[in-house]
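Below is one structure, written out as structure tokens; the observations come after it.
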Amino acid sequence: MSGSPVAGMMMAALLAATAAGAAPPLRLSPEVRAIESQRQEVIERVCRSTVAIFERSAGNGGSGVIISDDGLVVTNFHVTAPCGALMLCATSDGRVHDAVLLGLDPTGDIALVQLIGEGPFPAAEIGDSDTVAVGQPALVVGNPFLLAEDFRPTVTAGVISGVHRYQYPSGTLLEYADCLQTDAAINPGNSGGPLFDGSGRLIGINGRGSFEKRGRVNVGVGYAVSINQVMRFVPGLRAGRIADHAALGATVATRSGPQTIVTAIETASDAYRRGLRAGDEVVSVEGRDTPTANALLNAVGVLPAGWRTRIEYRRDGRLYEAEVRLRELHAPGELIAAVAEMTPEGDPPPEAPPEALYSQRDGYANYAANRDATERLVDACRVDSVVGAVDRRYADAAQGVGVQLRLTESSAEWLSPRGEYSCDPSRDLATQATPLAAPELLGSLWVWRTLAAGEAAVLDQVEALGALPWEALGEPHDVLAVTHHGLRVELYFEPQTGRLRGIEGSRDAALDATRVDLGAASQPGAPLSSMAITVGDRTFAELSPAEANP
């Protein structure tokens with residue numbers, strides 16, 4: 001354009017006006033003014049949901065973002081670690097709120113805290129980070145260098161510079177999987193704050209930045225945890241847990257092609273039980289192509305431990321598909337030790353939160369939060385018609401026989417032409433393989449009866465686990481986990497209706513679990529009716545009510 005006649009005339013007019021001492025008038029078209037006004041409205045809106053986070057002493061600080069109108073705030077684990085259980089959160093209107101820690105995800109560098117006080121609070125609109133593309137506008141909002149004494153956050157703008165970035169732990173637990181990269185300035189103090197798209201939708205939580213070793217100056221390379229990853233972990237964090245990430249139970253390497261090849265696999269993993277072997281090519285996980293080892297780590301690393309997913313793998317040119325339950329990334333106690341190492345030592349401060357909001361117990365970030373979530377799910381188990389016993393008759397379509405199921409306070413029985421089995425819940429349930437083909441069945445159903453009868457107190461341990469899908473690629477369900485006499489039982493509840501969808505019992509992580517799928521037949525407040533019972537890939541029974549209870 002510099003060589004065009006129009007450009008020459010414009011430049012001549014500009015030089016003449018400057019020589020005459022008059023600045024040329026700046027006239028914006030209505031369209032440009034509308035765009036400018038819209039951008040200002042977006043910035044005003046995203047600032048309202050952004051908070052500054054401080055220690056009670058107003059020392060170290062960072063940023064966070066409100067994700068629900070009841071005051072849930074997401075931030076970084078390393079921001080809350082120096083604060084302990086109680087911290088201060090300041091909103092853009094200048095108000096300072098007490099806030100209490102709920103849950104921690106040390107691997108993903110995420111923490112969930114609860115604002116104390118009456119809402120509603122201005123929550124951010126949650127976006128979809130899987131649809132973010134390179135070149136799209138990005139806004140980083142937060143409190144860099146603790147500059148904002150009036151708590152009005154600082155806003156920097158840029159673009160999305162990269163997607164699906166993977167950063168290795170580098171000797172720590174911290175793993176940034178499938179993260180977003182932006183050139184919008186992320187500086188010390190922005191940690192834990194929000195990354196928004198150009199429309200003001202929350203797409204990530206700012207964490208890492210590439211800084212010079214001296215002065216910690218931003219060099220235009222910042223990383224954010226994707227909001228889709230964060231939201232998968234929020235139910236477990238809200239339940240007061242120290243959450244772990246998922247692992248396939250195999251090591252992989254990128255080979256020419258590119259291809260992701262399994263180099264070794266744990267024989268105790270569910271992936272091994274479902275058929276995956278060393279030498280196989282992993283084609284996809286959770287519906288995402290995995291052409292490289294980093295692509296596989298991205299697909300698995302954004303999922304919580306225990307997530308049920310679907311994998312595709314190729315062997316000798318033939319494609320296979322399997323539904324796999326992912327294992328924990330870390331050894332038992334490893335995350336707890338990491339949290340303890342970063343948590344301040346010494347006596348709790350005099351302004352410690354009341355026990356109704358926070359209590360300590362080994363293995364939890366906030367046991368009070370887990371207690372509340374557990375009580376909610378236990379209440380969802382209560383069935384008025386279950387007083388002391390269940391005695392129901394079924395037709396087993398899988399075997400073409402009748403079945404009678406008896407559940408009482410002191411026993412569980414399965415009576416059919418295929419055999420008569422019983423278990424005694426006062427003894428070790430892990431050693432009572434009855435029936436042998438579905439060894440956890442009777443113990444799991446007895447646990448359900450105990451919860452439904454309002455007798456949860458007799459069970460060894462009952463706790464809210466978070467949210468996990470009942471079936472691969474399905475929506476996450478609220479999970480109540482029970483451990484009793486060597487048996488672990490998980491009950492899955494649909495989040496919208498509260499109805500019980502299924503029950504899974506296991507004795508050993510290296511063995512297939514027994515699963516009772518209730519399908520659409522189970523309604524809130526109703527006892528067990530139709531059931532599809534499976535063990536691994538095998539169907540044990542398909543039960544439907546044969547007649548009314550005697």
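FYI, nothing fancy with the structure tokens labels: chains A, B, ... in order, residues from 1 per chain, ligands from 1 as they appear.
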
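Taking range 80-113 of chain A and asking which residues DSSP calls strand (DSSP E or B) on the backbone, you get A:Leu86, A:Met87, A:Leu88, A:Cys89, A:Ala90, A:Thr91, A:Val96, A:His97, A:Asp98, A:Ala99, A:Val100, A:Leu101, A:Leu102, A:Gly103, A:Leu104, A:Asp105, A:Ile110, A:Ala111, A:Leu112, A:Val113.
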
Can you pull out every residue within 12 Å of Pro169 in chain A, counting only C-alpha atoms, but drop anything in the same chain fewer than 3 positions away, and send it as a PDB file with C-alpha atoms, in the first residue's frame?
ATOM      1  CA  PRO A 106      -0.570 -31.132  43.435  1.00  0.00           C
ATOM      2  CA  THR A 107       0.233 -32.770  40.080  1.00  0.00           C
ATOM      3  CA  GLY A 108      -1.845 -30.296  38.090  1.00  0.00           C
ATOM      4  CA  ASP A 109      -0.893 -27.375  40.377  1.00  0.00           C
ATOM      5  CA  TYR A 166       3.200 -31.047  27.379  1.00  0.00           C
ATOM      6  CA  THR A 172       8.860 -32.760  40.762  1.00  0.00           C
ATOM      7  CA  LEU A 173       5.286 -34.000  40.911  1.00  0.00           C
ATOM      8  CA  LEU A 174       4.099 -31.049  38.835  1.00  0.00           C
ATOM      9  CA  GLU A 175       3.047 -32.089  35.344  1.00  0.00           C
ATOM     10  CA  TYR A 176       1.529 -29.690  32.823  1.00  0.00           C
ATOM     11  CA  ALA A 177      -0.380 -31.891  30.395  1.00  0.00           C
ATOM     12  CA  LEU A 297       0.580 -38.255  27.965  1.00  0.00           C
ATOM     13  CA  GLY A 301      -2.684 -36.629  32.030  1.00  0.00           C
TER      14      GLY A 301
END

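One distance worth recording is that between CA of Val113 in chain A and CA of Val74 in chain A, which is 6.6 Å.
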
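The list of residues with at least one atom within 6 Å of range 243-246 of chain A, based on only C-alpha atoms and without residues fewer than 4 positions apart in the same chain, reads Asp105, Leu303, Pro304, Ala305, Leu326, Arg327, Glu328 and Leu329 of chain A.
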
Next, the residues of the selection above should be written as a tab-separated table (two decimals), in the first residue's frame with N, CA, C and O atoms.
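Saved file out_19.tsv follows:
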chain	number	residue	atom	x	y	z
A	105	ASP	N	-4.86	-30.48	44.03
A	105	ASP	CA	-4.36	-31.31	42.94
A	105	ASP	C	-2.89	-30.93	42.74
A	105	ASP	O	-2.57	-30.08	41.91
A	303	LEU	N	-6.84	-36.46	32.98
A	303	LEU	CA	-7.93	-37.24	33.57
A	303	LEU	C	-7.60	-37.61	35.02
A	303	LEU	O	-6.46	-37.90	35.35
A	304	PRO	N	-8.61	-37.63	35.89
A	304	PRO	CA	-8.38	-38.07	37.27
A	304	PRO	C	-8.13	-39.57	37.34
A	304	PRO	O	-8.58	-40.34	36.48
A	305	ALA	N	-7.43	-39.99	38.38
A	305	ALA	CA	-7.22	-41.42	38.63
A	305	ALA	C	-8.57	-42.12	38.76
A	305	ALA	O	-9.51	-41.59	39.35
A	326	LEU	N	-8.36	-46.36	34.25
A	326	LEU	CA	-7.00	-45.90	34.44
A	326	LEU	C	-6.60	-45.95	35.91
A	326	LEU	O	-7.43	-45.74	36.80
A	327	ARG	N	-5.36	-46.20	36.17
A	327	ARG	CA	-4.84	-46.33	37.54
A	327	ARG	C	-4.32	-44.99	38.03
A	327	ARG	O	-4.34	-43.97	37.31
A	328	GLU	N	-3.81	-44.97	39.28
A	328	GLU	CA	-3.23	-43.76	39.86
A	328	GLU	C	-1.83	-43.53	39.29
A	328	GLU	O	-1.09	-44.48	39.04
A	329	LEU	N	-1.48	-42.26	39.13
A	329	LEU	CA	-0.16	-41.91	38.63
A	329	LEU	C	0.92	-42.10	39.68
A	329	LEU	O	2.05	-42.47	39.36

Helix (DSSP H, G or I) residues, from DSSP on the backbone, in range 303-514 of chain A, as a tab-separated table (two decimals) with N, CA, C and O atoms, in the first residue's frame:
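Written file, part-v2.tsv:
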chain	number	residue	atom	x	y	z
A	334	GLU	N	2.44	-40.64	48.28
A	334	GLU	CA	3.39	-39.75	47.64
A	334	GLU	C	2.85	-38.32	47.55
A	334	GLU	O	3.56	-37.35	47.83
A	335	LEU	N	1.58	-38.18	47.19
A	335	LEU	CA	0.98	-36.85	47.11
A	335	LEU	C	0.81	-36.23	48.49
A	335	LEU	O	1.01	-35.03	48.68
A	336	ILE	N	0.43	-37.05	49.45
A	336	ILE	CA	0.24	-36.54	50.82
A	336	ILE	C	1.55	-35.99	51.35
A	336	ILE	O	1.59	-34.92	51.99
A	337	ALA	N	2.66	-36.68	51.07
A	337	ALA	CA	3.97	-36.21	51.52
A	337	ALA	C	4.33	-34.90	50.84
A	337	ALA	O	4.91	-33.99	51.46
A	338	ALA	N	3.99	-34.77	49.55
A	338	ALA	CA	4.30	-33.54	48.82
A	338	ALA	C	3.52	-32.37	49.38
A	338	ALA	O	4.05	-31.25	49.51
A	339	VAL	N	2.25	-32.59	49.74
A	339	VAL	CA	1.44	-31.52	50.31
A	339	VAL	C	1.99	-31.11	51.67
A	339	VAL	O	2.09	-29.92	52.00
A	340	ALA	N	2.35	-32.10	52.49
A	340	ALA	CA	2.89	-31.80	53.82
A	340	ALA	C	4.19	-31.01	53.72
A	340	ALA	O	4.45	-30.12	54.54
A	341	GLU	N	5.00	-31.30	52.71
A	341	GLU	CA	6.28	-30.61	52.55
A	341	GLU	C	6.08	-29.13	52.24
A	341	GLU	O	6.87	-28.28	52.65
A	342	MET	N	4.99	-28.79	51.53
A	342	MET	CA	4.76	-27.40	51.14
A	342	MET	C	3.84	-26.65	52.09
A	342	MET	O	3.62	-25.46	51.93
A	367	TYR	N	-11.08	-32.39	55.56
A	367	TYR	CA	-11.99	-33.49	55.87
A	367	TYR	C	-13.42	-33.02	56.08
A	367	TYR	O	-14.37	-33.76	55.78
A	368	ALA	N	-13.61	-31.79	56.55
A	368	ALA	CA	-14.97	-31.27	56.73
A	368	ALA	C	-15.71	-31.22	55.40
A	368	ALA	O	-16.91	-31.53	55.31
A	369	ALA	N	-15.01	-30.84	54.33
A	369	ALA	CA	-15.63	-30.81	53.01
A	369	ALA	C	-16.00	-32.21	52.55
A	369	ALA	O	-17.06	-32.42	51.96
A	370	ASN	N	-15.12	-33.19	52.83
A	370	ASN	CA	-15.44	-34.56	52.45
A	370	ASN	C	-16.60	-35.10	53.27
A	370	ASN	O	-17.47	-35.82	52.74
A	371	ARG	N	-16.65	-34.74	54.53
A	371	ARG	CA	-17.75	-35.19	55.39
A	371	ARG	C	-19.09	-34.70	54.86
A	371	ARG	O	-20.07	-35.46	54.78
A	372	ASP	N	-19.15	-33.43	54.43
A	372	ASP	CA	-20.41	-32.88	53.92
A	372	ASP	C	-20.82	-33.56	52.61
A	372	ASP	O	-21.98	-33.90	52.40
A	373	ALA	N	-19.83	-33.77	51.71
A	373	ALA	CA	-20.14	-34.42	50.44
A	373	ALA	C	-20.56	-35.88	50.65
A	373	ALA	O	-21.46	-36.39	49.97
A	374	THR	N	-19.94	-36.53	51.63
A	374	THR	CA	-20.29	-37.92	51.94
A	374	THR	C	-21.71	-38.02	52.47
A	374	THR	O	-22.48	-38.90	52.05
A	375	GLU	N	-22.08	-37.13	53.36
A	375	GLU	CA	-23.43	-37.15	53.91
A	375	GLU	C	-24.48	-36.95	52.82
A	375	GLU	O	-25.54	-37.59	52.86
A	376	ARG	N	-24.18	-36.12	51.85
A	376	ARG	CA	-25.13	-35.89	50.76
A	376	ARG	C	-25.36	-37.16	49.96
A	376	ARG	O	-26.49	-37.51	49.61
A	377	LEU	N	-24.29	-37.88	49.65
A	377	LEU	CA	-24.43	-39.10	48.87
A	377	LEU	C	-25.02	-40.25	49.69
A	377	LEU	O	-25.76	-41.08	49.16
A	378	VAL	N	-24.68	-40.31	50.97
A	378	VAL	CA	-25.31	-41.33	51.83
A	378	VAL	C	-26.82	-41.12	51.88
A	378	VAL	O	-27.60	-42.07	51.82
A	379	ASP	N	-27.25	-39.87	51.97
A	379	ASP	CA	-28.69	-39.58	51.96
A	379	ASP	C	-29.33	-40.04	50.65
A	379	ASP	O	-30.48	-40.47	50.63
A	380	ALA	N	-28.57	-39.95	49.54
A	380	ALA	CA	-29.11	-40.39	48.25
A	380	ALA	C	-29.30	-41.90	48.20
A	380	ALA	O	-30.07	-42.39	47.37
A	381	CYS	N	-28.62	-42.63	49.10
A	381	CYS	CA	-28.77	-44.09	49.16
A	381	CYS	C	-30.02	-44.52	49.91
A	381	CYS	O	-30.47	-45.66	49.76
A	429	LEU	N	-14.54	-59.90	53.87
A	429	LEU	CA	-15.27	-60.04	52.61
A	429	LEU	C	-14.34	-60.32	51.43
A	429	LEU	O	-14.77	-60.84	50.41
A	430	ALA	N	-13.07	-59.99	51.56
A	430	ALA	CA	-12.13	-60.20	50.47
A	430	ALA	C	-11.83	-61.68	50.24
A	430	ALA	O	-11.37	-62.07	49.17
A	431	THR	N	-12.09	-62.52	51.22
A	431	THR	CA	-11.80	-63.94	51.08
A	431	THR	C	-13.05	-64.76	50.79
A	431	THR	O	-12.95	-65.97	50.58
A	441	LEU	N	-19.84	-59.83	44.35
A	441	LEU	CA	-21.25	-59.49	44.15
A	441	LEU	C	-22.03	-59.37	45.45
A	441	LEU	O	-22.64	-58.33	45.74
A	442	LEU	N	-22.03	-60.42	46.25
A	442	LEU	CA	-22.88	-60.41	47.44
A	442	LEU	C	-22.39	-59.38	48.46
A	442	LEU	O	-23.21	-58.70	49.11
A	443	GLY	N	-21.09	-59.25	48.61
A	443	GLY	CA	-20.58	-58.24	49.54
A	443	GLY	C	-20.97	-56.84	49.10
A	443	GLY	O	-21.34	-55.99	49.93
A	444	SER	N	-20.91	-56.56	47.78
A	444	SER	CA	-21.27	-55.24	47.27
A	444	SER	C	-22.74	-54.95	47.48
A	444	SER	O	-23.11	-53.83	47.88
A	445	LEU	N	-23.60	-55.94	47.20
A	445	LEU	CA	-25.03	-55.73	47.39
A	445	LEU	C	-25.38	-55.58	48.87
A	445	LEU	O	-26.28	-54.81	49.23
A	446	TRP	N	-24.65	-56.27	49.74
A	446	TRP	CA	-24.89	-56.08	51.17
A	446	TRP	C	-24.51	-54.66	51.61
A	446	TRP	O	-25.22	-54.04	52.42
A	447	VAL	N	-23.41	-54.13	51.07
A	447	VAL	CA	-23.03	-52.75	51.38
A	447	VAL	C	-24.13	-51.80	50.93
A	447	VAL	O	-24.49	-50.87	51.66
A	448	TRP	N	-24.68	-52.02	49.72
A	448	TRP	CA	-25.78	-51.16	49.27
A	448	TRP	C	-26.96	-51.24	50.24
A	448	TRP	O	-27.54	-50.21	50.60
A	449	ARG	N	-27.35	-52.45	50.66
A	449	ARG	CA	-28.47	-52.59	51.58
A	449	ARG	C	-28.22	-51.86	52.88
A	449	ARG	O	-29.12	-51.21	53.45
A	450	THR	N	-26.98	-51.92	53.35
A	450	THR	CA	-26.63	-51.26	54.61
A	450	THR	C	-26.78	-49.75	54.49
A	450	THR	O	-27.32	-49.09	55.39
A	451	LEU	N	-26.32	-49.19	53.38
A	451	LEU	CA	-26.47	-47.75	53.15
A	451	LEU	C	-27.95	-47.39	52.97
A	451	LEU	O	-28.42	-46.38	53.52
A	452	ALA	N	-28.68	-48.19	52.21
A	452	ALA	CA	-30.09	-47.90	51.95
A	452	ALA	C	-30.92	-47.97	53.21
A	452	ALA	O	-31.93	-47.26	53.35
A	456	ALA	N	-25.07	-46.75	57.71
A	456	ALA	CA	-23.71	-46.51	57.23
A	456	ALA	C	-22.67	-46.54	58.35
A	456	ALA	O	-21.50	-46.82	58.10
A	457	ALA	N	-23.08	-46.28	59.57
A	457	ALA	CA	-22.14	-46.21	60.68
A	457	ALA	C	-21.46	-47.55	60.95
A	457	ALA	O	-20.37	-47.58	61.55
A	458	VAL	N	-22.03	-48.67	60.51
A	458	VAL	CA	-21.42	-49.97	60.77
A	458	VAL	C	-20.30	-50.28	59.77
A	458	VAL	O	-19.56	-51.24	59.97

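Pairwise distance (CA of Thr483 in chain A, CA of Ala509 in chain A) equals 13.4 Å.
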
**Request:** Please provide the set of residues having any atom within 12 Å of Ser191 in chain A, restricted to only C-alpha atoms, with same-chain residues fewer than 4 positions apart removed, written as a PyMOL selection string.
**Result:** chain A and resi 50-54+60-65+74-80+109-111+140-146+185-187+195+204-209+222-225
